[in-house]
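Asker: One file is attached below, structure-v2.cif, containing mmCIF, C-alpha atoms.
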data_start
#
loop_
_atom_site.label_atom_id
_atom_site.label_comp_id
_atom_site.auth_asym_id
_atom_site.auth_seq_id
_atom_site.Cartn_x
_atom_site.Cartn_y
_atom_site.Cartn_z
CA MET A 1 36.87 27.91 -17.74
CA SER A 2 40.54 27.32 -17.92
CA THR A 3 42.75 29.91 -16.36
CA GLU A 4 45.15 29.74 -19.30
CA ASP A 5 44.42 30.09 -22.99
CA LEU A 6 40.78 29.71 -23.96
CA THR A 7 41.16 27.19 -26.75
CA THR A 8 38.64 24.51 -27.54
CA SER A 9 40.90 21.63 -26.60
CA ALA A 10 41.87 23.35 -23.35
CA TYR A 11 38.18 23.74 -22.51
CA ILE A 12 37.50 20.07 -23.14
CA LYS A 13 40.58 18.96 -21.25
CA HIS A 14 39.66 21.20 -18.37
CA HIS A 15 36.24 19.60 -18.06
CA LEU A 16 37.60 16.08 -18.23
CA GLN A 17 40.16 16.63 -15.49
CA ASN A 18 39.46 15.41 -11.98
CA LEU A 19 40.56 17.18 -8.84
CA THR A 20 43.41 14.78 -8.14
CA CYS A 21 45.20 15.27 -4.84
CA SER A 22 47.88 13.39 -2.93
CA PHE A 23 50.25 13.74 0.00
CA GLN A 24 53.55 15.13 -1.18
CA GLU A 25 56.30 15.94 1.31
CA GLY A 26 53.76 16.09 4.12
CA HIS A 27 51.36 18.41 2.29
CA PHE A 28 48.01 17.58 0.76
CA HIS A 29 48.60 18.84 -2.73
CA CYS A 30 46.24 19.00 -5.69
CA ALA A 31 47.28 18.69 -9.30
CA HIS A 32 46.81 21.65 -11.64
CA SER A 33 47.13 19.74 -14.89
CA ALA A 34 46.62 16.30 -16.32
CA GLU A 35 50.36 15.68 -16.45
CA GLU A 36 50.76 16.58 -12.81
CA ALA A 37 47.88 14.28 -11.88
CA LYS A 38 49.38 11.44 -13.83
CA ALA A 39 52.77 11.97 -12.12
CA MET A 40 51.11 11.41 -8.72
CA GLY A 41 50.81 7.72 -9.52
CA PHE A 42 48.41 5.33 -7.79
CA TRP A 43 48.37 6.84 -4.31
CA ALA A 44 46.36 9.89 -5.21
CA PHE A 45 42.71 10.68 -4.62
CA ASN A 46 40.16 12.26 -6.89
CA MET A 47 38.65 14.50 -4.26
CA ASP A 48 35.71 15.59 -6.42
CA THR A 49 34.65 12.00 -7.06
CA LEU A 50 35.01 11.05 -3.42
CA VAL A 51 33.24 14.09 -2.00
CA VAL A 52 30.36 14.17 -4.48
CA SER A 53 29.69 10.45 -4.28
CA LEU A 54 29.90 10.54 -0.49
CA VAL A 55 27.47 13.45 -0.29
CA LEU A 56 25.05 11.79 -2.72
CA GLY A 57 25.28 8.47 -0.89
CA LEU A 58 24.53 10.24 2.37
CA VAL A 59 21.60 12.09 0.79
CA PHE A 60 20.16 8.75 -0.30
CA LEU A 61 20.75 7.01 3.03
CA PHE A 62 19.58 9.99 5.08
CA THR A 63 16.31 10.28 3.14
CA PHE A 64 15.58 6.57 3.18
CA SER A 65 16.59 5.92 6.78
CA LYS A 66 14.52 8.91 7.94
CA VAL A 67 11.50 7.40 6.23
CA ALA A 68 12.40 3.91 7.49
CA LYS A 69 12.58 5.19 11.07
CA ASN A 70 9.13 6.80 10.99
CA ILE A 71 7.45 4.32 8.68
CA SER A 72 4.01 3.03 9.53
CA ALA A 73 1.68 0.57 7.91
CA ASP A 74 -1.09 3.18 7.82
CA VAL A 75 -1.95 5.20 4.77
CA PRO A 76 1.42 6.49 3.50
CA SER A 77 1.92 10.10 2.49
CA GLY A 78 4.51 12.39 0.99
CA ILE A 79 8.07 11.15 0.89
CA GLN A 80 7.05 7.77 2.32
CA ASN A 81 5.01 7.15 -0.81
CA PHE A 82 8.01 7.82 -2.98
CA VAL A 83 10.35 5.66 -0.90
CA GLU A 84 7.87 2.79 -0.85
CA TRP A 85 7.43 3.08 -4.58
CA VAL A 86 11.19 2.81 -5.12
CA VAL A 87 11.55 -0.04 -2.64
CA GLU A 88 8.70 -2.01 -4.20
CA PHE A 89 10.17 -1.47 -7.65
CA ILE A 90 13.56 -2.78 -6.49
CA ASP A 91 11.94 -5.64 -4.61
CA SER A 92 9.98 -6.79 -7.64
CA SER A 93 13.13 -6.56 -9.79
CA VAL A 94 15.04 -8.70 -7.30
CA ARG A 95 12.20 -11.22 -7.04
CA GLY A 96 12.08 -11.42 -10.81
CA SER A 97 15.78 -12.11 -11.35
CA PHE A 98 17.10 -13.61 -8.15
CA ASN A 99 15.92 -17.09 -7.23
CA GLY A 100 17.81 -17.67 -4.01
CA ARG A 101 17.09 -16.27 -0.59
CA SER A 102 19.40 -13.58 0.64
CA ALA A 103 19.03 -10.65 3.02
CA LEU A 104 21.78 -8.82 1.16
CA VAL A 105 20.76 -8.77 -2.49
CA ALA A 106 17.69 -6.51 -2.29
CA PRO A 107 19.29 -3.76 -0.15
CA LEU A 108 22.40 -4.06 -2.29
CA ALA A 109 20.29 -3.52 -5.41
CA LEU A 110 18.57 -0.54 -3.80
CA SER A 111 21.90 1.04 -2.80
CA ILE A 112 23.35 0.52 -6.27
CA PHE A 113 20.32 1.89 -8.04
CA ALA A 114 19.83 4.95 -5.86
CA TRP A 115 23.50 5.83 -5.62
CA ILE A 116 24.24 5.46 -9.33
CA PHE A 117 21.03 7.27 -10.20
CA LEU A 118 21.98 10.26 -8.06
CA MET A 119 25.56 10.30 -9.34
CA ASN A 120 24.37 10.11 -12.95
CA LEU A 121 21.80 12.81 -12.25
CA MET A 122 24.62 15.28 -11.59
CA ASP A 123 25.15 15.15 -15.35
CA LEU A 124 22.09 17.36 -15.75
CA VAL A 125 23.71 20.24 -13.88
CA PRO A 126 24.99 22.59 -16.59
CA ILE A 127 28.68 21.85 -16.88
CA ASP A 128 30.04 25.32 -16.28
CA TYR A 129 27.87 26.11 -13.25
CA ILE A 130 29.93 24.11 -10.81
CA SER A 131 33.00 26.24 -11.54
CA LEU A 132 31.02 29.29 -10.37
CA ILE A 133 31.26 27.74 -6.91
CA THR A 134 34.62 26.02 -7.09
CA GLN A 135 36.57 28.75 -8.88
CA PRO A 136 36.21 31.31 -6.04
CA MET A 137 37.26 28.58 -3.60
CA GLY A 138 40.53 28.22 -5.50
CA ILE A 139 39.71 24.78 -6.84
CA GLY A 140 40.83 24.57 -10.46
CA HIS A 141 39.22 21.34 -11.57
CA PHE A 142 36.00 19.82 -10.38
CA LYS A 143 34.10 17.03 -12.11
CA LEU A 144 30.62 16.92 -10.68
CA VAL A 145 29.66 13.51 -12.10
CA PRO A 146 31.42 10.72 -10.20
CA THR A 147 30.33 8.06 -12.70
CA THR A 148 32.38 9.74 -15.42
CA ASP A 149 35.41 8.83 -13.30
CA PRO A 150 36.35 5.18 -13.95
CA ASN A 151 37.56 4.93 -10.36
CA ALA A 152 33.99 5.19 -9.11
CA THR A 153 32.53 2.65 -11.50
CA ILE A 154 35.42 0.19 -11.14
CA GLY A 155 35.26 0.63 -7.38
CA MET A 156 31.61 -0.46 -7.35
CA ALA A 157 32.26 -3.25 -9.83
CA ILE A 158 35.02 -4.58 -7.57
CA GLY A 159 32.58 -4.60 -4.68
CA VAL A 160 30.09 -6.60 -6.74
CA PHE A 161 32.86 -8.91 -7.98
CA LEU A 162 33.96 -9.68 -4.42
CA LEU A 163 30.36 -10.55 -3.55
CA VAL A 164 30.13 -12.83 -6.60
CA LEU A 165 33.30 -14.62 -5.50
CA PHE A 166 32.10 -14.82 -1.90
CA TYR A 167 28.72 -16.31 -2.76
CA SER A 168 30.19 -18.67 -5.38
CA ILE A 169 32.50 -20.11 -2.75
CA GLN A 170 29.88 -20.04 0.01
CA VAL A 171 27.24 -21.85 -2.04
CA LYS A 172 29.41 -24.29 -4.01
CA GLY A 173 32.38 -24.62 -1.68
CA PHE A 174 35.90 -23.75 -2.69
CA GLY A 175 36.31 -27.03 -4.59
CA GLY A 176 33.00 -26.58 -6.37
CA PHE A 177 33.96 -23.08 -7.42
CA ILE A 178 37.35 -24.22 -8.76
CA GLY A 179 35.62 -27.14 -10.46
CA GLU A 180 33.19 -24.80 -12.14
CA LEU A 181 36.13 -22.76 -13.41
CA THR A 182 38.17 -25.70 -14.69
CA LEU A 183 35.95 -28.71 -15.48
CA GLN A 184 33.48 -27.25 -17.93
CA PRO A 185 32.45 -26.96 -20.65
CA PHE A 186 34.96 -29.55 -22.06
CA GLY A 187 35.52 -31.93 -19.14
CA LYS A 188 38.77 -32.46 -17.28
CA PHE A 189 40.89 -33.08 -20.40
CA GLY A 190 40.23 -29.63 -21.76
CA LEU A 191 41.32 -28.02 -18.51
CA PRO A 192 43.44 -25.13 -19.85
CA VAL A 193 40.77 -24.20 -22.38
CA ASN A 194 38.10 -24.41 -19.70
CA LEU A 195 40.07 -22.24 -17.33
CA PHE A 196 40.61 -19.66 -20.04
CA LEU A 197 36.96 -19.56 -21.10
CA GLU A 198 35.53 -19.52 -17.60
CA GLY A 199 38.19 -17.08 -16.43
CA VAL A 200 37.25 -14.65 -19.17
CA ASN A 201 33.60 -15.24 -18.31
CA LEU A 202 34.26 -14.40 -14.68
CA ILE A 203 36.46 -11.35 -15.27
CA ALA A 204 34.07 -10.02 -17.91
CA LYS A 205 31.41 -9.45 -15.25
CA PRO A 206 33.02 -6.60 -13.29
CA VAL A 207 34.72 -5.21 -16.38
CA SER A 208 31.45 -4.98 -18.29
CA LEU A 209 29.67 -3.47 -15.27
CA ALA A 210 32.31 -0.82 -14.74
CA LEU A 211 33.04 0.08 -18.35
CA ARG A 212 29.44 0.17 -19.52
CA LEU A 213 28.47 2.70 -16.90
CA PHE A 214 31.65 4.72 -17.26
CA GLY A 215 31.48 4.70 -21.06
CA ASN A 216 27.88 5.83 -21.22
CA MET A 217 28.27 8.60 -18.72
CA TYR A 218 31.61 9.75 -20.11
CA ALA A 219 30.22 9.91 -23.62
CA GLY A 220 27.16 11.79 -22.40
CA GLU A 221 29.33 14.27 -20.53
CA MET A 222 31.51 14.69 -23.61
CA ILE A 223 28.48 15.57 -25.73
CA PHE A 224 27.36 18.11 -23.10
CA ILE A 225 30.83 19.67 -23.34
CA LEU A 226 30.70 19.78 -27.12
CA ILE A 227 27.23 21.32 -27.08
CA ALA A 228 28.42 23.88 -24.54
CA LEU A 229 31.25 24.79 -26.89
CA MET A 230 28.84 26.00 -29.57
CA GLY A 231 27.85 29.05 -27.61
CA ALA A 232 31.39 29.61 -26.41
CA THR A 233 32.38 30.58 -29.94
CA TRP A 234 30.29 33.75 -29.57
CA VAL A 235 31.91 36.68 -31.35
CA SER A 236 29.21 39.20 -32.04
CA PHE A 237 25.58 39.38 -33.12
CA SER A 238 26.48 37.77 -36.41
CA PHE A 239 24.27 35.19 -38.06
CA THR A 240 26.67 32.31 -37.30
CA SER A 241 27.09 33.18 -33.65
CA THR A 242 23.36 33.57 -33.08
CA LEU A 243 22.64 30.31 -34.88
CA LEU A 244 25.26 28.46 -32.84
CA PHE A 245 24.04 29.96 -29.58
CA SER A 246 20.41 29.05 -30.20
CA SER A 247 21.49 25.58 -31.33
CA GLN A 248 23.31 25.16 -28.04
CA ILE A 249 20.15 25.95 -26.10
CA LEU A 250 18.03 23.60 -28.17
CA LEU A 251 20.58 20.79 -28.28
CA SER A 252 21.45 20.89 -24.61
CA LEU A 253 17.74 20.84 -23.76
CA GLY A 254 17.16 17.87 -26.07
CA TRP A 255 20.23 16.00 -24.86
CA ALA A 256 19.35 16.67 -21.23
CA ILE A 257 15.84 15.29 -21.71
CA PHE A 258 17.27 12.25 -23.46
CA HIS A 259 19.83 11.96 -20.69
CA ILE A 260 17.12 11.58 -18.06
CA LEU A 261 16.42 8.26 -19.75
CA ILE A 262 20.10 7.28 -19.88
CA VAL A 263 20.64 8.26 -16.24
CA THR A 264 17.84 5.96 -15.10
CA LEU A 265 18.58 3.23 -17.59
CA GLN A 266 22.27 2.94 -16.68
CA ALA A 267 21.46 2.78 -12.98
CA PHE A 268 18.86 0.12 -13.71
CA ILE A 269 21.20 -1.90 -15.92
CA PHE A 270 23.99 -1.87 -13.33
CA MET A 271 21.51 -3.00 -10.68
CA THR A 272 19.90 -5.71 -12.80
CA LEU A 273 23.24 -7.14 -13.92
CA THR A 274 24.42 -7.21 -10.31
CA ILE A 275 21.31 -9.17 -9.34
CA VAL A 276 21.80 -11.55 -12.27
CA TYR A 277 25.50 -12.11 -11.47
CA LEU A 278 24.68 -12.84 -7.85
CA ASP A 279 21.91 -15.17 -8.95
CA MET A 280 24.39 -17.03 -11.16
CA ALA A 281 26.80 -17.22 -8.23
CA HIS A 282 24.04 -18.88 -6.19
CA GLN A 283 23.26 -21.53 -8.79
CA GLU A 284 25.05 -24.84 -9.03
CA HIS A 285 25.08 -24.99 -12.81
CA HIS A 286 24.85 -22.26 -15.36
CA MET B 287 41.08 9.81 -15.83
CA ASN B 288 43.80 7.97 -13.98
CA ILE B 289 43.20 4.86 -12.01
CA ASN B 290 44.29 5.69 -8.49
CA ALA B 291 43.48 5.13 -4.84
CA THR B 292 40.04 6.71 -5.38
CA LEU B 293 39.10 3.18 -6.42
CA ILE B 294 39.74 1.85 -2.93
CA GLY B 295 37.87 4.74 -1.35
CA GLN B 296 34.88 4.16 -3.60
CA THR B 297 34.83 0.42 -2.85
CA ILE B 298 34.92 1.05 0.90
CA MET B 299 32.22 3.72 0.63
CA PHE B 300 30.11 1.36 -1.46
CA ALA B 301 30.47 -1.41 1.10
CA LEU B 302 29.52 0.93 3.95
CA PHE B 303 26.47 2.26 2.11
CA VAL B 304 25.28 -1.25 1.32
CA TRP B 305 25.83 -2.33 4.92
CA PHE B 306 23.91 0.66 6.25
CA CYS B 307 21.10 0.12 3.78
CA MET B 308 20.90 -3.57 4.69
CA LYS B 309 20.90 -2.82 8.40
CA PHE B 310 18.75 0.28 8.84
CA VAL B 311 16.84 1.05 5.65
CA TRP B 312 15.58 -2.10 3.98
CA PRO B 313 14.23 -4.20 6.89
CA PRO B 314 11.89 -1.59 8.48
CA ILE B 315 10.49 -0.51 5.11
CA MET B 316 9.90 -4.10 4.04
CA ALA B 317 8.34 -4.92 7.42
CA ALA B 318 5.95 -1.99 7.08
CA LEU B 319 5.03 -2.99 3.54
CA ASP B 320 4.39 -6.57 4.61
CA ALA B 321 2.33 -5.36 7.55
CA ARG B 322 0.25 -3.18 5.26
CA ASN B 323 -0.22 -6.04 2.80
CA LYS B 324 -1.41 -8.23 5.64
CA ARG B 325 -3.74 -5.51 6.90
CA ILE B 326 -5.23 -5.04 3.44
CA ALA B 327 -5.70 -8.79 3.04
CA ASP B 328 -7.34 -8.96 6.49
CA GLY B 329 -9.56 -6.02 5.64
CA LEU B 330 -10.70 -7.64 2.42
CA ALA B 331 -11.39 -10.91 4.23
CA ALA B 332 -13.36 -9.03 6.89
CA ALA B 333 -15.36 -7.22 4.22
CA GLU B 334 -16.14 -10.55 2.58
CA ARG B 335 -17.19 -11.99 5.92
CA GLY B 336 -19.33 -8.91 6.58
CA LYS B 337 -21.03 -9.32 3.24
CA ASN B 338 -21.81 -12.97 4.00
CA ASP B 339 -23.11 -12.00 7.43
CA LEU B 340 -25.31 -9.34 5.89
CA ALA B 341 -26.80 -11.80 3.38
CA LEU B 342 -27.38 -14.28 6.20
CA ALA B 343 -29.03 -11.64 8.36
CA ALA B 344 -31.27 -10.54 5.50
CA LYS B 345 -32.36 -14.13 5.00
CA ARG B 346 -33.01 -14.56 8.71
CA SER B 347 -34.98 -11.33 8.96
CA ALA B 348 -37.15 -12.35 6.01
CA GLU B 349 -37.83 -15.66 7.73
CA ILE B 350 -38.71 -13.98 11.01
CA LEU B 351 -41.03 -11.59 9.20
CA ARG B 352 -42.77 -14.48 7.48
CA GLU B 353 -43.19 -16.32 10.77
CA ALA B 354 -44.56 -13.22 12.44
CA LYS B 355 -47.07 -12.73 9.66
CA GLU B 356 -48.22 -16.32 10.04
CA LYS B 357 -48.60 -15.90 13.76
CA VAL B 358 -50.54 -12.67 13.33
CA SER B 359 -53.03 -14.25 10.95
CA GLU B 360 -53.37 -17.16 13.35
CA ILE B 361 -54.08 -14.77 16.22
CA ILE B 362 -56.59 -12.86 14.14
CA ALA B 363 -58.42 -16.09 13.24
CA LEU B 364 -58.45 -17.10 16.89
CA GLY B 365 -59.80 -13.69 17.86
CA ASP B 366 -62.55 -13.92 15.29
CA LYS B 367 -63.56 -17.31 16.58
CA ARG B 368 -63.57 -16.14 20.15
CA ALA B 369 -65.65 -13.09 19.27
CA SER B 370 -68.33 -15.16 17.58
CA GLU B 371 -68.28 -17.50 20.55
CA ILE B 372 -68.84 -14.58 22.91
CA VAL B 373 -71.69 -13.33 20.75
CA GLU B 374 -73.29 -16.80 20.77
CA GLU B 375 -72.91 -17.03 24.53
CA ALA B 376 -74.44 -13.62 24.99
CA LYS B 377 -77.31 -14.54 22.75
CA ALA B 378 -77.95 -17.74 24.71
CA GLN B 379 -77.79 -15.93 28.01
CA ALA B 380 -80.15 -13.21 26.78
CA LYS B 381 -82.61 -15.84 25.71
CA ILE B 382 -82.53 -17.52 29.09
CA GLU B 383 -82.86 -14.17 30.79
CA SER B 384 -85.83 -13.18 28.65
CA GLU B 385 -87.53 -16.50 29.29
CA ARG B 386 -87.02 -16.03 33.00
CA ILE B 387 -88.47 -12.50 32.84
CA VAL B 388 -91.40 -13.72 30.79
CA THR B 389 -92.07 -16.55 33.28
CA ALA B 390 -91.95 -14.18 36.23
CA ALA B 391 -94.26 -11.75 34.50
CA ARG B 392 -96.65 -14.51 33.67
CA ALA B 393 -96.66 -15.71 37.32
CA GLU B 394 -97.26 -12.20 38.51
CA ILE B 395 -100.10 -11.77 36.06
CA GLU B 396 -101.71 -15.01 37.27
CA GLN B 397 -101.34 -13.88 40.82
CA GLU B 398 -102.87 -10.55 39.93
CA VAL B 399 -105.75 -12.28 38.19
CA PHE B 400 -106.26 -14.53 41.17
CA ARG B 401 -106.27 -11.57 43.51
CA ALA B 402 -108.76 -9.71 41.34
CA LYS B 403 -111.00 -12.72 41.21
CA GLU B 404 -110.83 -12.96 44.97
CA GLN B 405 -111.71 -9.33 45.36
CA LEU B 406 -114.46 -9.64 42.81
CA ARG B 407 -115.88 -12.63 44.61
CA THR B 408 -116.07 -10.80 47.91
CA GLN B 409 -117.63 -7.80 46.28
CA VAL B 410 -120.13 -9.99 44.36
CA SER B 411 -121.13 -11.70 47.64
CA ALA B 412 -121.55 -8.29 49.25
CA ILE B 413 -123.70 -7.15 46.30
CA ALA B 414 -125.68 -10.41 46.51
CA LEU B 415 -126.17 -9.91 50.18
CA ALA B 416 -127.27 -6.30 49.71
CA GLY B 417 -129.60 -7.37 46.87
CA ALA B 418 -131.05 -10.21 48.90
CA GLY B 419 -131.47 -7.86 51.94
CA LYS B 420 -133.36 -5.36 49.79
CA ILE B 421 -135.51 -8.10 48.35
CA LEU B 422 -136.39 -9.61 51.75
CA GLY B 423 -136.82 -6.19 53.22
CA ARG B 424 -135.22 -6.98 56.28
CA GLU B 425 -131.81 -7.17 57.68
CA ILE B 426 -130.14 -10.48 57.27
CA ASP B 427 -127.66 -11.19 59.91
CA ALA B 428 -124.40 -11.34 58.06
CA THR B 429 -122.78 -13.38 60.73
CA ALA B 430 -125.74 -15.93 60.85
CA HIS B 431 -125.51 -16.54 57.14
CA ASN B 432 -121.78 -16.29 56.78
CA ASP B 433 -121.31 -19.98 56.08
CA LEU B 434 -124.03 -19.76 53.40
CA LEU B 435 -122.29 -16.79 51.84
CA ASP B 436 -118.91 -18.52 51.98
CA LYS B 437 -120.47 -21.46 50.13
CA LEU B 438 -121.78 -19.04 47.56
CA VAL B 439 -118.40 -17.36 47.20
CA ALA B 440 -116.81 -20.78 46.67
CA GLU B 441 -119.38 -21.58 43.98
CA ILE B 442 -118.72 -18.39 41.99
#
Translate the structure described by the file into structure tokens.

Answerer:
Amino acid sequence: MSTEDLTTSAYIKHHLQNLTCSFQEGHFHCAHSAEEAKAMGFWAFNMDTLVVSLVLGLVFLFTFSKVAKNISADVPSGIQNFVEWVVEFIDSSVRGSFNGRSALVAPLALSIFAWIFLMNLMDLVPIDYISLITQPMGIGHFKLVPTTDPNATIGMAIGVFLLVLFYSIQVKGFGGFIGELTLQPFGKFGLPVNLFLEGVNLIAKPVSLALRLFGNMYAGEMIFILIALMGATWVSFSFTSTLLFSSQILLSLGWAIFHILIVTLQAFIFMTLTIVYLDMAHQEHH
Amino acid sequence: MNINATLIGQTIMFALFVWFCMKFVWPPIMAALDARNKRIADGLAAAERGKNDLALAAKRSAEILREAKEKVSEIIALGDKRASEIVEEAKAQAKIESERIVTAARAEIEQEVFRAKEQLRTQVSAIALAGAGKILGREIDATAHNDLLDKLVAEI
């Protein structure tokens, strides 16, 4: 919990604050408050987001590449079963939504799904447990769920957006891509309207990807924080305190079980939309 | 909750993960899955072929069995025929043999009869001579009347 006053709003603020660090006068310095973090401007790094997402990405790649290295076409067992199950699931999703032929789309979908799934899964770690580790290390703020940081979701969405642009131009040519932006749906005389409509259409893709994931995970995290607050109001063995404490246990259990669904669903939605956007980029008309 | 350079870091990390996945994770797994699919398809085809072969073999074996049975009954019929032939032959031979034996016996008997007659004749002539000698009371010279006696023997 917060090192200062133990008020409700301080508790919430504490849990919503990233470990933002930047180089200041030659030192790598981390912010202690939201104001300080804001003052660092653009050239600062959320170390918790970066470290956790890097570790989770490496966990995913290590597991899968270990299986991929030793894979055989014989009867699969153990972890190979699991990996094959995931890969076949992704492959069938890609085959279902993506009509072109591309060596990139399926592994891209797998990376997105597995990485987002693992990052979202961190939401199920009880929110105050991580400070048991970070507090003794002198780290004041640590958000364990990278997808509740818009930087992570927007970062991925930008990656997808660049791929959409790349494939649009590669498949249709630069002229074709510009034509698609400007010459429909109203022909060449409605050019400004076309550009506006298609521009919004294009920009909406990464924005919707990033904000949907961020919004869902942020809201889920917020509810975990609010549920955790119920027990934090413990005073004594009074009726109200006991009721609130037992409600916290029940509600956090219920929300966590429900969150397993959200964790998977959000990863799946991000992946499916990426496939669909890339499929649209590959098609001449849409 | 600020937008900052984390964004760039995340994009680069994302790109690297996707590149690694595309290079080292996806292709070998997909290759193994395809290989297994092919192996399963081959196995099923082989099983189908085996089943056909089995049905074919069963049909062939039934045919061979039927042929063998036919041949066996043929052989048995032939054997029966041959056996009766042998019996007939044996019978014929036995008949010939018996006839031969009977003929020989008959010839021997005739010879025996002839010999007995001969002996009897000589003895009868001797008795006749002795009788005649007694009747005449005197010795008849056997050698002087030999031709007479021979005539008598021939008459008997």

Asker: Counting all atoms listed in the file, which residues come within 10 Å of (15.8, -0.6, 7.7), with the point read in the file's coordinates, and could you list them as a list of chain:residue names?

Answerer: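 Output: A:Phe64, A:Ser65, A:Lys66, A:Val67, A:Ala68, A:Lys69, A:Ile71, A:Pro107, B:Phe306, B:Cys307, B:Met308, B:Lys309, B:Phe310, B:Val311, B:Trp312, B:Pro313, B:Pro314, B:Ile315, B:Met316, B:Ala317, B:Ala318.
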
Asker: Applied to the shown file, which residues does the PyMOL selection byres ((chain A) within 6 of (chain B)) return, written as an MDAnalysis selection string?

Answerer: chainID A and resid 42:46 65 68 72:73 107:108 111 151:152 155:156 159

Asker: Between atom CA of A:Val125 and atom CA of A:Met230, what is the spacing in Å?

Answerer: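 Atom CA of A:Val125 lies 17.5 Å from atom CA of A:Met230.
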
Asker: Any chance you could work out the residue set of the PyMOL selection byres ((chain A and resi 177) around 12) here, as an mmCIF file with C-alpha atoms, keeping the file's coordinate frame?

Answerer:
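Output file expr.cif is given in full below:
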data_model
loop_
_atom_site.group_PDB
_atom_site.id
_atom_site.type_symbol
_atom_site.label_atom_id
_atom_site.label_comp_id
_atom_site.auth_asym_id
_atom_site.auth_seq_id
_atom_site.Cartn_x
_atom_site.Cartn_y
_atom_site.Cartn_z
ATOM 1 C CA VAL A 164 30.130 -12.830 -6.600
ATOM 2 C CA LEU A 165 33.300 -14.620 -5.500
ATOM 3 C CA PHE A 166 32.100 -14.820 -1.900
ATOM 4 C CA TYR A 167 28.720 -16.310 -2.760
ATOM 5 C CA SER A 168 30.190 -18.670 -5.380
ATOM 6 C CA ILE A 169 32.500 -20.110 -2.750
ATOM 7 C CA GLN A 170 29.880 -20.040 0.010
ATOM 8 C CA VAL A 171 27.240 -21.850 -2.040
ATOM 9 C CA LYS A 172 29.410 -24.290 -4.010
ATOM 10 C CA GLY A 173 32.380 -24.620 -1.680
ATOM 11 C CA PHE A 174 35.900 -23.750 -2.690
ATOM 12 C CA GLY A 175 36.310 -27.030 -4.590
ATOM 13 C CA GLY A 176 33.000 -26.580 -6.370
ATOM 14 C CA ILE A 178 37.350 -24.220 -8.760
ATOM 15 C CA GLY A 179 35.620 -27.140 -10.460
ATOM 16 C CA GLU A 180 33.190 -24.800 -12.140
ATOM 17 C CA LEU A 181 36.130 -22.760 -13.410
ATOM 18 C CA THR A 182 38.170 -25.700 -14.690
ATOM 19 C CA LEU A 183 35.950 -28.710 -15.480
ATOM 20 C CA GLN A 184 33.480 -27.250 -17.930
ATOM 21 C CA LEU A 195 40.070 -22.240 -17.330
ATOM 22 C CA GLU A 198 35.530 -19.520 -17.600
ATOM 23 C CA GLY A 199 38.190 -17.080 -16.430
ATOM 24 C CA LEU A 202 34.260 -14.400 -14.680
ATOM 25 C CA MET A 280 24.390 -17.030 -11.160
ATOM 26 C CA ALA A 281 26.800 -17.220 -8.230
ATOM 27 C CA HIS A 282 24.040 -18.880 -6.190
ATOM 28 C CA GLN A 283 23.260 -21.530 -8.790
ATOM 29 C CA GLU A 284 25.050 -24.840 -9.030
ATOM 30 C CA HIS A 285 25.080 -24.990 -12.810
#

Asker: Between atom CA of A:Asn120 and atom CA of A:Phe28, what is the spacing in Å?

Answerer: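 Separation of atom CA of A:Phe28 and atom CA of A:Asn120: 28.3 Å.
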
Asker: Figure out the distance between atom CA of A:Ile275 and atom CA of A:Arg212, please, to one decimal in Å.

Answerer: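 Atom CA of A:Ile275 lies 16.0 Å from atom CA of A:Arg212.
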
Asker: Output the residue selection produced by the PyMOL selection byres ((chain A and resi 24) around 12) on the file above, formatted as a PDB file with C-alpha atoms, keeping the file's coordinate frame.

Answerer:
ATOM      1  CA  CYS A  21      45.200  15.270  -4.840  1.00  0.00           C
ATOM      2  CA  SER A  22      47.880  13.390  -2.930  1.00  0.00           C
ATOM      3  CA  PHE A  23      50.250  13.740   0.000  1.00  0.00           C
ATOM      4  CA  GLU A  25      56.300  15.940   1.310  1.00  0.00           C
ATOM      5  CA  GLY A  26      53.760  16.090   4.120  1.00  0.00           C
ATOM      6  CA  HIS A  27      51.360  18.410   2.290  1.00  0.00           C
ATOM      7  CA  PHE A  28      48.010  17.580   0.760  1.00  0.00           C
ATOM      8  CA  HIS A  29      48.600  18.840  -2.730  1.00  0.00           C
ATOM      9  CA  CYS A  30      46.240  19.000  -5.690  1.00  0.00           C
ATOM     10  CA  ALA A  31      47.280  18.690  -9.300  1.00  0.00           C
ATOM     11  CA  ALA A  39      52.770  11.970 -12.120  1.00  0.00           C
ATOM     12  CA  MET A  40      51.110  11.410  -8.720  1.00  0.00           C
ATOM     13  CA  GLY A  41      50.810   7.720  -9.520  1.00  0.00           C
ATOM     14  CA  TRP A  43      48.370   6.840  -4.310  1.00  0.00           C
ATOM     15  CA  ALA A  44      46.360   9.890  -5.210  1.00  0.00           C
TER      16      ALA A  44
END

Asker: Considering only C-alpha atoms, state which residue in the set A:Asn70, A:Thr240, A:Asn216, A:Gln135 is at the smallest distance from A:Thr148.

Answerer: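 Smallest distance to A:Thr148 is found for A:Asn216.
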
Asker: Write out as a ChimeraX atom specification the residues lying within 12 Å of B:Lys403, counting all atoms listed in the file and excluding same-chain residues fewer than 5 positions away.

Answerer: /B:396-398,408-410,439-440,442
